[in-house]
Each structure stands twice: as structure tokens, then as C-alpha cells.
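Below is structure_0.pdb, which holds PDB, C-alpha atoms.
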ATOM      1  CA  MET A   1     -14.467   2.838 -29.902
ATOM      2  CA  PRO A   2     -16.629   1.862 -26.876
ATOM      3  CA  THR A   3     -15.366   2.825 -23.429
ATOM      4  CA  LEU A   4     -13.226   0.121 -21.850
ATOM      5  CA  ARG A   5     -15.007  -1.093 -18.732
ATOM      6  CA  VAL A   6     -14.156  -3.833 -16.261
ATOM      7  CA  LEU A   7     -16.517  -4.866 -13.475
ATOM      8  CA  GLN A   8     -15.089  -6.289 -10.243
ATOM      9  CA  VAL A   9     -17.046  -8.306  -7.703
ATOM     10  CA  SER A  10     -15.627 -10.046  -4.658
ATOM     11  CA  ASP A  11     -16.670 -12.231  -1.747
ATOM     12  CA  LEU A  12     -19.944 -13.555  -3.096
ATOM     13  CA  HIS A  13     -20.156 -16.241  -0.362
ATOM     14  CA  ALA A  14     -22.689 -18.084  -2.479
ATOM     15  CA  GLY A  15     -24.824 -20.454  -0.470
ATOM     16  CA  THR A  16     -25.486 -18.302   2.580
ATOM     17  CA  ARG A  17     -28.887 -17.066   1.378
ATOM     18  CA  GLU A  18     -30.822 -16.550  -1.828
ATOM     19  CA  GLU A  19     -31.098 -12.906  -2.872
ATOM     20  CA  PRO A  20     -32.805 -12.723  -6.272
ATOM     21  CA  ALA A  21     -33.229  -8.921  -6.175
ATOM     22  CA  VAL A  22     -29.473  -8.395  -5.727
ATOM     23  CA  GLU A  23     -28.644 -10.851  -8.501
ATOM     24  CA  ASP A  24     -31.243  -9.481 -10.911
ATOM     25  CA  GLY A  25     -29.965  -5.977 -10.205
ATOM     26  CA  LEU A  26     -26.431  -7.101 -10.945
ATOM     27  CA  ARG A  27     -27.474  -8.551 -14.299
ATOM     28  CA  THR A  28     -29.295  -5.320 -15.141
ATOM     29  CA  LEU A  29     -26.249  -3.227 -14.220
ATOM     30  CA  ALA A  30     -23.935  -5.407 -16.313
ATOM     31  CA  ALA A  31     -26.291  -5.109 -19.292
ATOM     32  CA  GLU A  32     -26.251  -1.315 -18.976
ATOM     33  CA  LEU A  33     -22.469  -0.996 -18.570
ATOM     34  CA  GLU A  34     -21.415  -3.718 -21.046
ATOM     35  CA  PRO A  35     -18.032  -4.464 -19.418
ATOM     36  CA  GLU A  36     -15.375  -6.209 -21.456
ATOM     37  CA  LEU A  37     -14.608  -8.449 -18.475
ATOM     38  CA  VAL A  38     -15.912  -9.356 -15.023
ATOM     39  CA  ILE A  39     -13.228  -9.995 -12.398
ATOM     40  CA  ALA A  40     -14.235 -12.091  -9.376
ATOM     41  CA  THR A  41     -11.648 -11.861  -6.592
ATOM     42  CA  GLY A  42     -12.319 -14.886  -4.434
ATOM     43  CA  ASP A  43     -14.550 -16.270  -1.704
ATOM     44  CA  LEU A  44     -17.059 -17.097  -4.402
ATOM     45  CA  ALA A  45     -18.418 -20.017  -2.340
ATOM     46  CA  HIS A  46     -19.135 -19.762   1.372
ATOM     47  CA  ARG A  47     -17.941 -23.179   2.554
ATOM     48  CA  ASN A  48     -16.508 -24.669  -0.649
ATOM     49  CA  GLY A  49     -19.650 -26.693  -1.325
ATOM     50  CA  ARG A  50     -20.163 -28.021  -4.828
ATOM     51  CA  ALA A  51     -23.616 -26.449  -5.100
ATOM     52  CA  GLN A  52     -22.201 -23.154  -3.835
ATOM     53  CA  HIS A  53     -19.514 -23.058  -6.509
ATOM     54  CA  GLU A  54     -22.101 -23.907  -9.150
ATOM     55  CA  ARG A  55     -24.384 -21.131  -7.905
ATOM     56  CA  ALA A  56     -21.531 -18.621  -8.073
ATOM     57  CA  VAL A  57     -20.436 -19.614 -11.577
ATOM     58  CA  THR A  58     -24.029 -19.592 -12.834
ATOM     59  CA  LEU A  59     -24.563 -16.043 -11.549
ATOM     60  CA  LEU A  60     -21.295 -14.673 -12.894
ATOM     61  CA  ARG A  61     -21.643 -16.272 -16.326
ATOM     62  CA  SER A  62     -25.185 -14.929 -16.596
ATOM     63  CA  LEU A  63     -23.756 -11.386 -16.765
ATOM     64  CA  GLY A  64     -23.131 -11.783 -20.482
ATOM     65  CA  CYS A  65     -19.379 -11.262 -20.742
ATOM     66  CA  PRO A  66     -16.154 -13.173 -19.997
ATOM     67  CA  VAL A  67     -15.302 -13.822 -16.349
ATOM     68  CA  LEU A  68     -11.851 -14.095 -14.758
ATOM     69  CA  ALA A  69     -12.006 -15.672 -11.293
ATOM     70  CA  VAL A  70      -9.371 -16.358  -8.633
ATOM     71  CA  PRO A  71      -9.929 -18.364  -5.430
ATOM     72  CA  GLY A  72     -10.134 -17.127  -1.865
ATOM     73  CA  ASN A  73      -9.713 -18.890   1.452
ATOM     74  CA  HIS A  74     -13.407 -19.886   1.461
ATOM     75  CA  ASP A  75     -12.971 -21.618  -1.906
ATOM     76  CA  MET A  76     -11.061 -24.577  -0.454
ATOM     77  CA  PRO A  77     -11.964 -27.242   2.148
ATOM     78  CA  MET A  78     -11.994 -26.095   5.743
ATOM     79  CA  LEU A  79     -10.387 -29.204   7.258
ATOM     80  CA  PRO A  80      -7.655 -31.718   6.432
ATOM     81  CA  PRO A  81      -7.009 -34.012   4.704
ATOM     82  CA  ALA A  82      -9.142 -32.550   1.900
ATOM     83  CA  ARG A  83      -7.750 -29.069   2.562
ATOM     84  CA  PHE A  84      -4.302 -30.317   1.509
ATOM     85  CA  LEU A  85      -5.163 -33.131  -0.888
ATOM     86  CA  ARG A  86      -8.019 -31.515  -2.843
ATOM     87  CA  THR A  87      -7.313 -27.858  -2.134
ATOM     88  CA  PHE A  88      -8.837 -26.308  -5.241
ATOM     89  CA  ALA A  89     -10.646 -29.306  -6.713
ATOM     90  CA  GLU A  90     -14.122 -27.757  -6.512
ATOM     91  CA  PHE A  91     -12.921 -24.363  -7.713
ATOM     92  CA  THR A  92     -11.082 -25.740 -10.737
ATOM     93  CA  ARG A  93     -13.987 -28.051 -11.561
ATOM     94  CA  VAL A  94     -16.077 -24.991 -12.495
ATOM     95  CA  TRP A  95     -13.380 -22.442 -13.409
ATOM     96  CA  GLY A  96     -10.638 -24.637 -14.887
ATOM     97  CA  GLU A  97      -7.628 -22.902 -13.302
ATOM     98  CA  THR A  98      -6.638 -20.748 -10.341
ATOM     99  CA  GLU A  99      -4.416 -18.239 -12.156
ATOM    100  CA  PRO A 100      -6.143 -17.319 -15.412
ATOM    101  CA  VAL A 101      -4.979 -14.601 -17.815
ATOM    102  CA  PHE A 102      -7.269 -12.509 -20.016
ATOM    103  CA  ARG A 103      -5.810 -10.771 -23.064
ATOM    104  CA  SER A 104      -7.232  -8.405 -25.643
ATOM    105  CA  ASP A 105      -5.859  -5.500 -27.675
ATOM    106  CA  ARG A 106      -6.644  -3.043 -24.888
ATOM    107  CA  LEU A 107      -6.729  -5.142 -21.713
ATOM    108  CA  VAL A 108      -4.455  -7.668 -19.969
ATOM    109  CA  VAL A 109      -5.585  -9.134 -16.639
ATOM    110  CA  CYS A 110      -3.484 -11.603 -14.654
ATOM    111  CA  GLY A 111      -5.027 -13.751 -11.933
ATOM    112  CA  LEU A 112      -2.841 -14.429  -8.906
ATOM    113  CA  ASN A 113      -3.739 -17.217  -6.463
ATOM    114  CA  SER A 114      -2.968 -16.011  -2.932
ATOM    115  CA  ALA A 115      -4.944 -18.679  -1.005
ATOM    116  CA  ARG A 116      -2.883 -21.268   0.892
ATOM    117  CA  PRO A 117      -4.139 -24.388   2.705
ATOM    118  CA  TRP A 118      -1.627 -23.988   5.571
ATOM    119  CA  LEU A 119      -2.910 -20.484   6.332
ATOM    120  CA  TYR A 120      -6.327 -19.652   7.751
ATOM    121  CA  GLN A 121      -7.261 -16.174   6.493
ATOM    122  CA  GLU A 122      -3.862 -14.832   5.489
ATOM    123  CA  GLY A 123      -2.601 -14.955   1.924
ATOM    124  CA  PHE A 124       0.792 -15.561   0.337
ATOM    125  CA  VAL A 125       2.278 -15.590  -3.178
ATOM    126  CA  ARG A 126       5.556 -17.085  -4.344
ATOM    127  CA  PHE A 127       8.251 -15.297  -6.317
ATOM    128  CA  SER A 128       7.657 -17.674  -9.236
ATOM    129  CA  GLN A 129       4.040 -16.516  -9.394
ATOM    130  CA  LEU A 130       5.118 -12.885  -9.475
ATOM    131  CA  GLU A 131       7.628 -13.619 -12.236
ATOM    132  CA  ARG A 132       4.896 -15.179 -14.377
ATOM    133  CA  VAL A 133       2.607 -12.176 -13.875
ATOM    134  CA  ALA A 134       5.422  -9.697 -14.514
ATOM    135  CA  GLU A 135       6.227 -11.365 -17.838
ATOM    136  CA  ALA A 136       2.585 -11.217 -18.916
ATOM    137  CA  LEU A 137       2.357  -7.531 -17.994
ATOM    138  CA  ARG A 138       5.551  -6.642 -19.825
ATOM    139  CA  SER A 139       4.289  -8.321 -22.993
ATOM    140  CA  ALA A 140       0.978  -6.426 -22.973
ATOM    141  CA  PRO A 141       0.145  -4.400 -26.106
ATOM    142  CA  ASP A 142       1.036  -0.720 -26.020
ATOM    143  CA  GLY A 143      -1.682   1.255 -24.301
ATOM    144  CA  ALA A 144      -3.454  -1.803 -22.889
ATOM    145  CA  LEU A 145      -4.738  -1.503 -19.324
ATOM    146  CA  ARG A 146      -2.703  -3.891 -17.151
ATOM    147  CA  ILE A 147      -4.524  -5.384 -14.166
ATOM    148  CA  VAL A 148      -3.566  -7.927 -11.491
ATOM    149  CA  ALA A 149      -6.351  -9.658  -9.551
ATOM    150  CA  LEU A 150      -5.985 -11.610  -6.302
ATOM    151  CA  HIS A 151      -8.057 -12.296  -3.222
ATOM    152  CA  HIS A 152      -5.992 -10.941  -0.339
ATOM    153  CA  HIS A 153      -5.722  -7.217   0.210
ATOM    154  CA  LEU A 154      -2.569  -5.138  -0.165
ATOM    155  CA  VAL A 155      -3.790  -1.942   1.511
ATOM    156  CA  SER A 156      -5.586  -1.472   4.809
ATOM    157  CA  ALA A 157      -9.349  -1.387   5.140
ATOM    158  CA  PRO A 158     -10.942   1.924   6.191
ATOM    159  CA  TRP A 159     -13.072   0.304   8.913
ATOM    160  CA  ARG A 160     -11.865  -1.975  11.661
ATOM    161  CA  THR A 161     -11.065  -5.534  10.614
ATOM    162  CA  ALA A 162      -9.091  -8.436  12.054
ATOM    163  CA  LYS A 163      -8.170  -9.759   8.605
ATOM    164  CA  ARG A 164      -4.458  -9.485   7.904
ATOM    165  CA  HIS A 165      -3.177  -8.182   4.592
ATOM    166  CA  LEU A 166      -1.179 -10.299   2.146
ATOM    167  CA  LEU A 167       2.071 -11.523   3.669
ATOM    168  CA  GLY A 168       5.045  -9.645   2.221
ATOM    169  CA  ARG A 169       2.766  -7.091   0.612
ATOM    170  CA  GLY A 170       5.515  -4.474   0.253
ATOM    171  CA  LYS A 171       7.637  -6.675  -1.993
ATOM    172  CA  VAL A 172       4.590  -7.858  -3.901
ATOM    173  CA  LEU A 173       3.438  -4.299  -4.574
ATOM    174  CA  ALA A 174       6.908  -3.200  -5.637
ATOM    175  CA  THR A 175       7.339  -6.157  -8.000
ATOM    176  CA  LEU A 176       3.959  -5.705  -9.655
ATOM    177  CA  MET A 177       4.312  -1.953 -10.076
ATOM    178  CA  ASP A 178       7.841  -2.275 -11.442
ATOM    179  CA  ALA A 179       6.436  -4.741 -13.982
ATOM    180  CA  GLY A 180       3.889  -2.164 -15.131
ATOM    181  CA  ALA A 181       0.702  -3.044 -13.221
ATOM    182  CA  GLU A 182      -1.682  -0.097 -13.408
ATOM    183  CA  LEU A 183      -4.459  -1.578 -11.290
ATOM    184  CA  ILE A 184      -4.274  -4.213  -8.539
ATOM    185  CA  VAL A 185      -7.670  -5.431  -7.317
ATOM    186  CA  SER A 186      -8.679  -7.690  -4.438
ATOM    187  CA  GLY A 187     -11.158  -8.516  -1.656
ATOM    188  CA  PRO A 188     -11.577  -9.830   1.071
ATOM    189  CA  VAL A 189     -12.539  -7.417   3.868
ATOM    190  CA  HIS A 190     -16.072  -6.524   2.672
ATOM    191  CA  GLN A 191     -15.084  -2.856   2.593
ATOM    192  CA  GLY A 192     -14.148  -0.633  -0.326
ATOM    193  CA  ALA A 193     -10.806   1.172  -0.544
ATOM    194  CA  VAL A 194      -9.036   2.845  -3.466
ATOM    195  CA  VAL A 195      -5.574   4.465  -3.325
ATOM    196  CA  GLU A 196      -3.001   5.689  -5.853
ATOM    197  CA  ARG A 197       0.627   4.604  -5.425
ATOM    198  CA  ARG A 198       1.859   8.144  -4.774
ATOM    199  CA  GLU A 199      -0.448   8.308  -1.757
ATOM    200  CA  PHE A 200       1.646   5.669   0.023
ATOM    201  CA  GLU A 201       4.931   5.318  -1.899
ATOM    202  CA  VAL A 202       7.718   7.884  -1.882
ATOM    203  CA  VAL A 203       8.986   8.028  -5.452
ATOM    204  CA  SER A 204      11.571  10.048  -7.355
ATOM    205  CA  GLY A 205      11.483  10.905 -11.017
ATOM    206  CA  GLU A 206       8.665   9.917 -13.309
ATOM    207  CA  VAL A 207       6.634   6.810 -12.458
ATOM    208  CA  HIS A 208       3.479   5.488 -14.068
ATOM    209  CA  GLY A 209       0.209   5.776 -12.208
ATOM    210  CA  ALA A 210      -0.980   2.701 -10.330
ATOM    211  CA  ILE A 211      -4.152   2.080  -8.327
ATOM    212  CA  VAL A 212      -4.671  -0.460  -5.550
ATOM    213  CA  ALA A 213      -8.339  -1.248  -4.926
ATOM    214  CA  ILE A 214     -10.391  -3.401  -2.575
ATOM    215  CA  ALA A 215     -13.959  -4.128  -3.668
ATOM    216  CA  PRO A 216     -16.769  -4.202  -1.107
ATOM    217  CA  GLY A 217     -18.216  -7.676  -0.658
ATOM    218  CA  LEU A 218     -21.041  -8.676  -2.966
ATOM    219  CA  GLY A 219     -22.402 -11.150  -0.428
ATOM    220  CA  ARG A 220     -23.146 -10.484   3.220
ATOM    221  CA  PRO A 221     -22.818 -13.716   5.202
ATOM    222  CA  ARG A 222     -22.954 -11.692   8.439
ATOM    223  CA  PRO A 223     -25.510  -8.945   7.725
ATOM    224  CA  SER A 224     -25.600  -7.777  11.340
ATOM    225  CA  ARG A 225     -21.876  -6.976  11.460
ATOM    226  CA  ARG A 226     -21.252  -3.261  11.095
ATOM    227  CA  GLY A 227     -18.652  -2.381   8.528
ATOM    228  CA  GLU A 228     -19.499  -5.049   5.955
ATOM    229  CA  ALA A 229     -20.875  -3.084   3.039
ATOM    230  CA  ARG A 230     -22.315  -4.655  -0.089
ATOM    231  CA  GLY A 231     -20.934  -3.237  -3.288
ATOM    232  CA  LEU A 232     -18.737  -3.527  -6.369
ATOM    233  CA  HIS A 233     -16.305  -1.528  -8.482
ATOM    234  CA  VAL A 234     -16.426  -0.610 -12.159
ATOM    235  CA  TYR A 235     -13.212   0.559 -13.827
ATOM    236  CA  GLU A 236     -13.239   2.749 -16.938
ATOM    237  CA  ALA A 237     -10.089   3.604 -18.886
ATOM    238  CA  ASP A 238      -9.053   5.765 -21.788
ATOM    239  CA  GLY A 239      -5.558   6.788 -22.850
ATOM    240  CA  ARG A 240      -5.038   9.273 -20.012
ATOM    241  CA  THR A 241      -7.474   8.492 -17.219
ATOM    242  CA  LEU A 242      -8.588   5.575 -15.068
ATOM    243  CA  ARG A 243     -11.949   6.005 -13.345
ATOM    244  CA  VAL A 244     -13.119   3.924 -10.401
ATOM    245  CA  LEU A 245     -16.895   3.864 -10.019
ATOM    246  CA  THR A 246     -18.205   2.363  -6.771
ATOM    247  CA  TYR A 247     -21.739   0.999  -6.570
ATOM    248  CA  SER A 248     -23.561   0.032  -3.377
ATOM    249  CA  TRP A 249     -26.755  -1.931  -2.884
ATOM    250  CA  LEU A 250     -29.334   0.413  -1.350
ATOM    251  CA  GLY A 251     -31.968  -2.159  -0.543
ATOM    252  CA  ALA A 252     -33.710  -2.205  -3.918
ATOM    253  CA  ARG A 253     -31.127  -1.135  -6.511
ATOM    254  CA  TRP A 254     -27.450  -0.668  -7.263
ATOM    255  CA  ALA A 255     -26.552   3.004  -6.847
ATOM    256  CA  LEU A 256     -23.406   4.856  -7.872
ATOM    257  CA  ILE A 257     -21.945   6.335  -4.675
ATOM    258  CA  ALA A 258     -18.415   7.344  -5.701
ATOM    259  CA  ASP A 259     -16.604   8.414  -8.868
ATOM    260  CA  ARG A 260     -12.815   8.696  -8.589
ATOM    261  CA  ARG A 261     -10.414   9.663 -11.389
ATOM    262  CA  PHE A 262      -6.691   8.907 -11.558
ATOM    263  CA  PRO A 263      -3.989   9.546 -14.190
ATOM    264  CA  ARG A 264      -2.628   6.788 -16.405
ATOM    265  CA  GLY A 265       0.955   6.642 -17.595
ATOM    266  CA  LEU A 266       3.289   9.472 -16.616
ATOM    267  CA  ALA A 267       0.750  12.270 -17.012
ATOM    268  CA  GLN A 268      -1.033  14.143 -14.278
ATOM    269  CA  LEU A 269      -4.778  14.707 -14.304
TER     270      LEU A 269
END

Translate this structure into C-alpha cells?
Amino acid sequence: MPTLRVLQVSDLHAGTREEPAVEDGLRTLAAELEPELVIATGDLAHRNGRAQHERAVTLLRSLGCPVLAVPGNHDMPMLPPARFLRTFAEFTRVWGETEPVFRSDRLVVCGLNSARPWLYQEGFVRFSQLERVAEALRSAPDGALRIVALHHHLVSAPWRTAKRHLLGRGKVLATLMDAGAELIVSGPVHQGAVVERREFEVVSGEVHGAIVAIAPGLGRPRPSRRGEARGLHVYEADGRTLRVLTYSWLGARWALIADRRFPRGLAQL
């Protein structure tokens, strides 16, 4: 059976500039890796323009595999009244929904919409949203990799940033992990970070492994700002191990810069 791979991109900010080399390189990488799914964790457009959303969806669907996308704070109008009356109209026009679910025999991915029109950069999710995701995770086939995807980050960025993490992140993390989430992926800080639950959570007894990951931004709307890397994550899973492969754009190609391995289930590495 082919290796299960999932490719995550975040923060495309489509519309800021045309970068054909980056996009062609991404298509080449996807063709080489053959992921089962591409996850896009928000800020796909830069200023919610129709042409920007269309550019983002065209790029992502050109990668040759299914795409699961959730919105970010840049994927809704900046100002009222449209911000409140047509919050996700442009996003849903191209993607259909804001909380999609992907299911296969070996993979279940739940999209979680954390963008809110009454907040600027912060994110928030309701208990009803978490209940829906928890039910989908609990009904996943035995052995399937269970992933939750949202825009706002649940762990801190390694470099300085003024962006605040998801409101109520502690309860959100606890709920998702108790429901069986093995991997929780997000943006939006344009920096990569990967941690295992036992690096930040004091646990007793046997608990299943769980990874929380932030993908570097694919787009760079502010290329002069230090700390905004350009990159992506690829996740590989078998019955015992979850690998996180981090790629960065080195000016002319996508290069593998990190390879991390974590245990799945109750086993240790």
C-alpha cells in the first residue's frame, strides 16, 4: 500500500504578487510526493478579492489531488457591512463550505472555521463546532489518521509575533485530543512549529500521541519582514509513526529542511 501523505499549505495571500517559480515548484513537489490530500489552512486570498480567491483555488486544484480548505481572517471582507453580511461569500463561492470533512479508509480530516467577523486577527470556535468535529473523529475507521485543520494557531510561534493564538486554546486542545485527534494543523504566523502533546501537557497513564503543527506561510506579502519564512509541511503516517517533513523555498526550489518522527497510538518510538 502506498505511503499515506498529506500536504499542508497555509497563508497563500494570493494576489500580492505573481510567483510562477514558486507555484511551478509546488506542482512538481506534489507530483513527486503524490499526497492523498492537500490541506489549506486559511488566508488563501490577501484582501478577499474575487480574483484572489480564484487564483488560490486554481493553484491548489492544479496539484492533482483533493483539497480541503478552511478560511482565515483575510478570507472575509475587511470592513462592514459586508464583513458581517457577506462574511464568507467569496470563500464559499469557490470552496462550497467553511468546515469541510474528508474521509477515506485511512484518513479523516475535519475542517474547523475559526475566523470571526467581530475579531480582527484573533480566532474563536464554538462548543457546537467542537462537538461536530469530535463526533467525526470518533467515527473514524480503525487505524485512520485523524486530523483537525483550522487557521488560528494553538501553540506559540518560535519567532516574535504579535498575532494572538486561538481564544480558549486550552479547552479546544483538550477537547480535540480527548476526541482522538492525532494531528492539529494551522497557520497563520508565517513560521513553522511542531510539538507533541507530552511536550506541553502533563499526563498520567497511557495517552495516544498527538501533534500540533503550524505551517510556514506559502505566500510572503511582507518579504522584508524578518521571521516570515516561506514553507510547507508534509505528513507521512504508517501504523506506528507520524513523520513531519518541512520544506522551505530556497530561492529556486523546494528543499527538505527538517524530518521529525513521532509515535502514533500508545506506543513509543

On this structure, the PyMOL selection byres ((chain A and resi 34) around 10) would catch which residues? List them as a VMD selection string, sorted by chain and number. chain A and resid 2 to 7 28 to 33 35 to 38 63 to 65

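Ranking A:Gln191, A:Ser128, A:Thr175, A:Ser139 by their shortest atom-to-atom distance to Pro158 (chain A), with all atoms listed in the file included, puts A:Gln191 first.
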
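Shortest separation to Ala252 (chain A) among A:Gln8, A:Val22, A:Thr16, A:Ala69 occurs at residue A:Val22, atoms counted being all atoms listed in the file.
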
Between CA of Leu26 (chain A) and CA of Gly192 (chain A), distance in Å (one decimal):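 About the pair CA of Leu26 (chain A) and CA of Gly192 (chain A): they are 17.5 Å apart.
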
Show which residues sit within 12 Å of Arg47 (chain A), as a list in words. Count all atoms listed in the file, and ignore same-chain residues fewer than 5 positions away.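 Skipping anything fewer than 5 positions along the chain leaves Asp11, Leu12, His13, Ala14, Gly15, Thr16, Gln52, His53, Gly72, Asn73, His74, Asp75, Met76, Pro77, Met78, Leu79, Arg83, Glu90, Phe91 and Pro221 of chain A.
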
For a test of reading the model, state the distance in Å between CA of Leu166 (chain A) and CA of Tyr247 (chain A), rounded to one decimal.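 Spanning CA of Leu166 (chain A) to CA of Tyr247 (chain A) is a straight-line distance of 25.0 Å.
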
Which residue is closest to Glu18 (chain A)? Choose from A:Arg220, A:Arg86, A:Arg146, A:His233 and count all atoms listed in the file.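 That would be A:Arg220, the residue with the smallest distance to Glu18 (chain A).
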
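Nearest residue to Val244 (chain A), choosing from A:Leu137, A:Ala258, A:Leu154, A:Val109 and counting only C-alpha atoms: A:Ala258.
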
Which residues are near Thr241 (chain A)? Cut-off 6 Å, all atoms listed in the file, ignore same chain within fewer than 5 positions. Put them as number ranges by chain. A: 262-264

Please indicate the distance in Å from CA of Glu122 (chain A) to CA of Val234 (chain A), rounded to one decimal place.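 That distance, rounded to one decimal, is 25.9 Å.
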
Applying 12 Å and all atoms listed in the file, which residues near Gly217 (chain A) remain after dropping the ones on its own chain fewer than 5 positions away? List them as a short mmCIF file (atom, residue, chain, number, x, y, z; two decimals) with C-alpha atoms, in the frame of the given file.
data_model
loop_
_atom_site.label_atom_id
_atom_site.label_comp_id
_atom_site.auth_asym_id
_atom_site.auth_seq_id
_atom_site.Cartn_x
_atom_site.Cartn_y
_atom_site.Cartn_z
CA GLN A 8 -15.09 -6.29 -10.24
CA VAL A 9 -17.05 -8.31 -7.70
CA SER A 10 -15.63 -10.05 -4.66
CA ASP A 11 -16.67 -12.23 -1.75
CA LEU A 12 -19.94 -13.56 -3.10
CA HIS A 13 -20.16 -16.24 -0.36
CA ALA A 14 -22.69 -18.08 -2.48
CA ALA A 40 -14.24 -12.09 -9.38
CA THR A 41 -11.65 -11.86 -6.59
CA GLY A 42 -12.32 -14.89 -4.43
CA ASP A 43 -14.55 -16.27 -1.70
CA LEU A 44 -17.06 -17.10 -4.40
CA HIS A 151 -8.06 -12.30 -3.22
CA SER A 186 -8.68 -7.69 -4.44
CA GLY A 187 -11.16 -8.52 -1.66
CA PRO A 188 -11.58 -9.83 1.07
CA VAL A 189 -12.54 -7.42 3.87
CA HIS A 190 -16.07 -6.52 2.67
CA GLN A 191 -15.08 -2.86 2.59
CA GLY A 192 -14.15 -0.63 -0.33
CA ALA A 193 -10.81 1.17 -0.54
CA ARG A 222 -22.95 -11.69 8.44
CA PRO A 223 -25.51 -8.94 7.72
CA GLY A 227 -18.65 -2.38 8.53
CA GLU A 228 -19.50 -5.05 5.96
CA ALA A 229 -20.88 -3.08 3.04
CA ARG A 230 -22.32 -4.66 -0.09
CA GLY A 231 -20.93 -3.24 -3.29
CA LEU A 232 -18.74 -3.53 -6.37
CA HIS A 233 -16.30 -1.53 -8.48
CA THR A 246 -18.20 2.36 -6.77
CA TYR A 247 -21.74 1.00 -6.57
CA SER A 248 -23.56 0.03 -3.38
CA TRP A 249 -26.76 -1.93 -2.88
#

What are the centre and the three edge lengths of an axis-aligned box that wraps all atoms of region 69-72 of chain A in the file, given that 3 Å is added to every side, written as JSON and rounded to one decimal in Å?
{"center_x": -10.7, "center_y": -17.0, "center_z": -6.6, "size_x": 8.6, "size_y": 8.7, "size_z": 15.4}
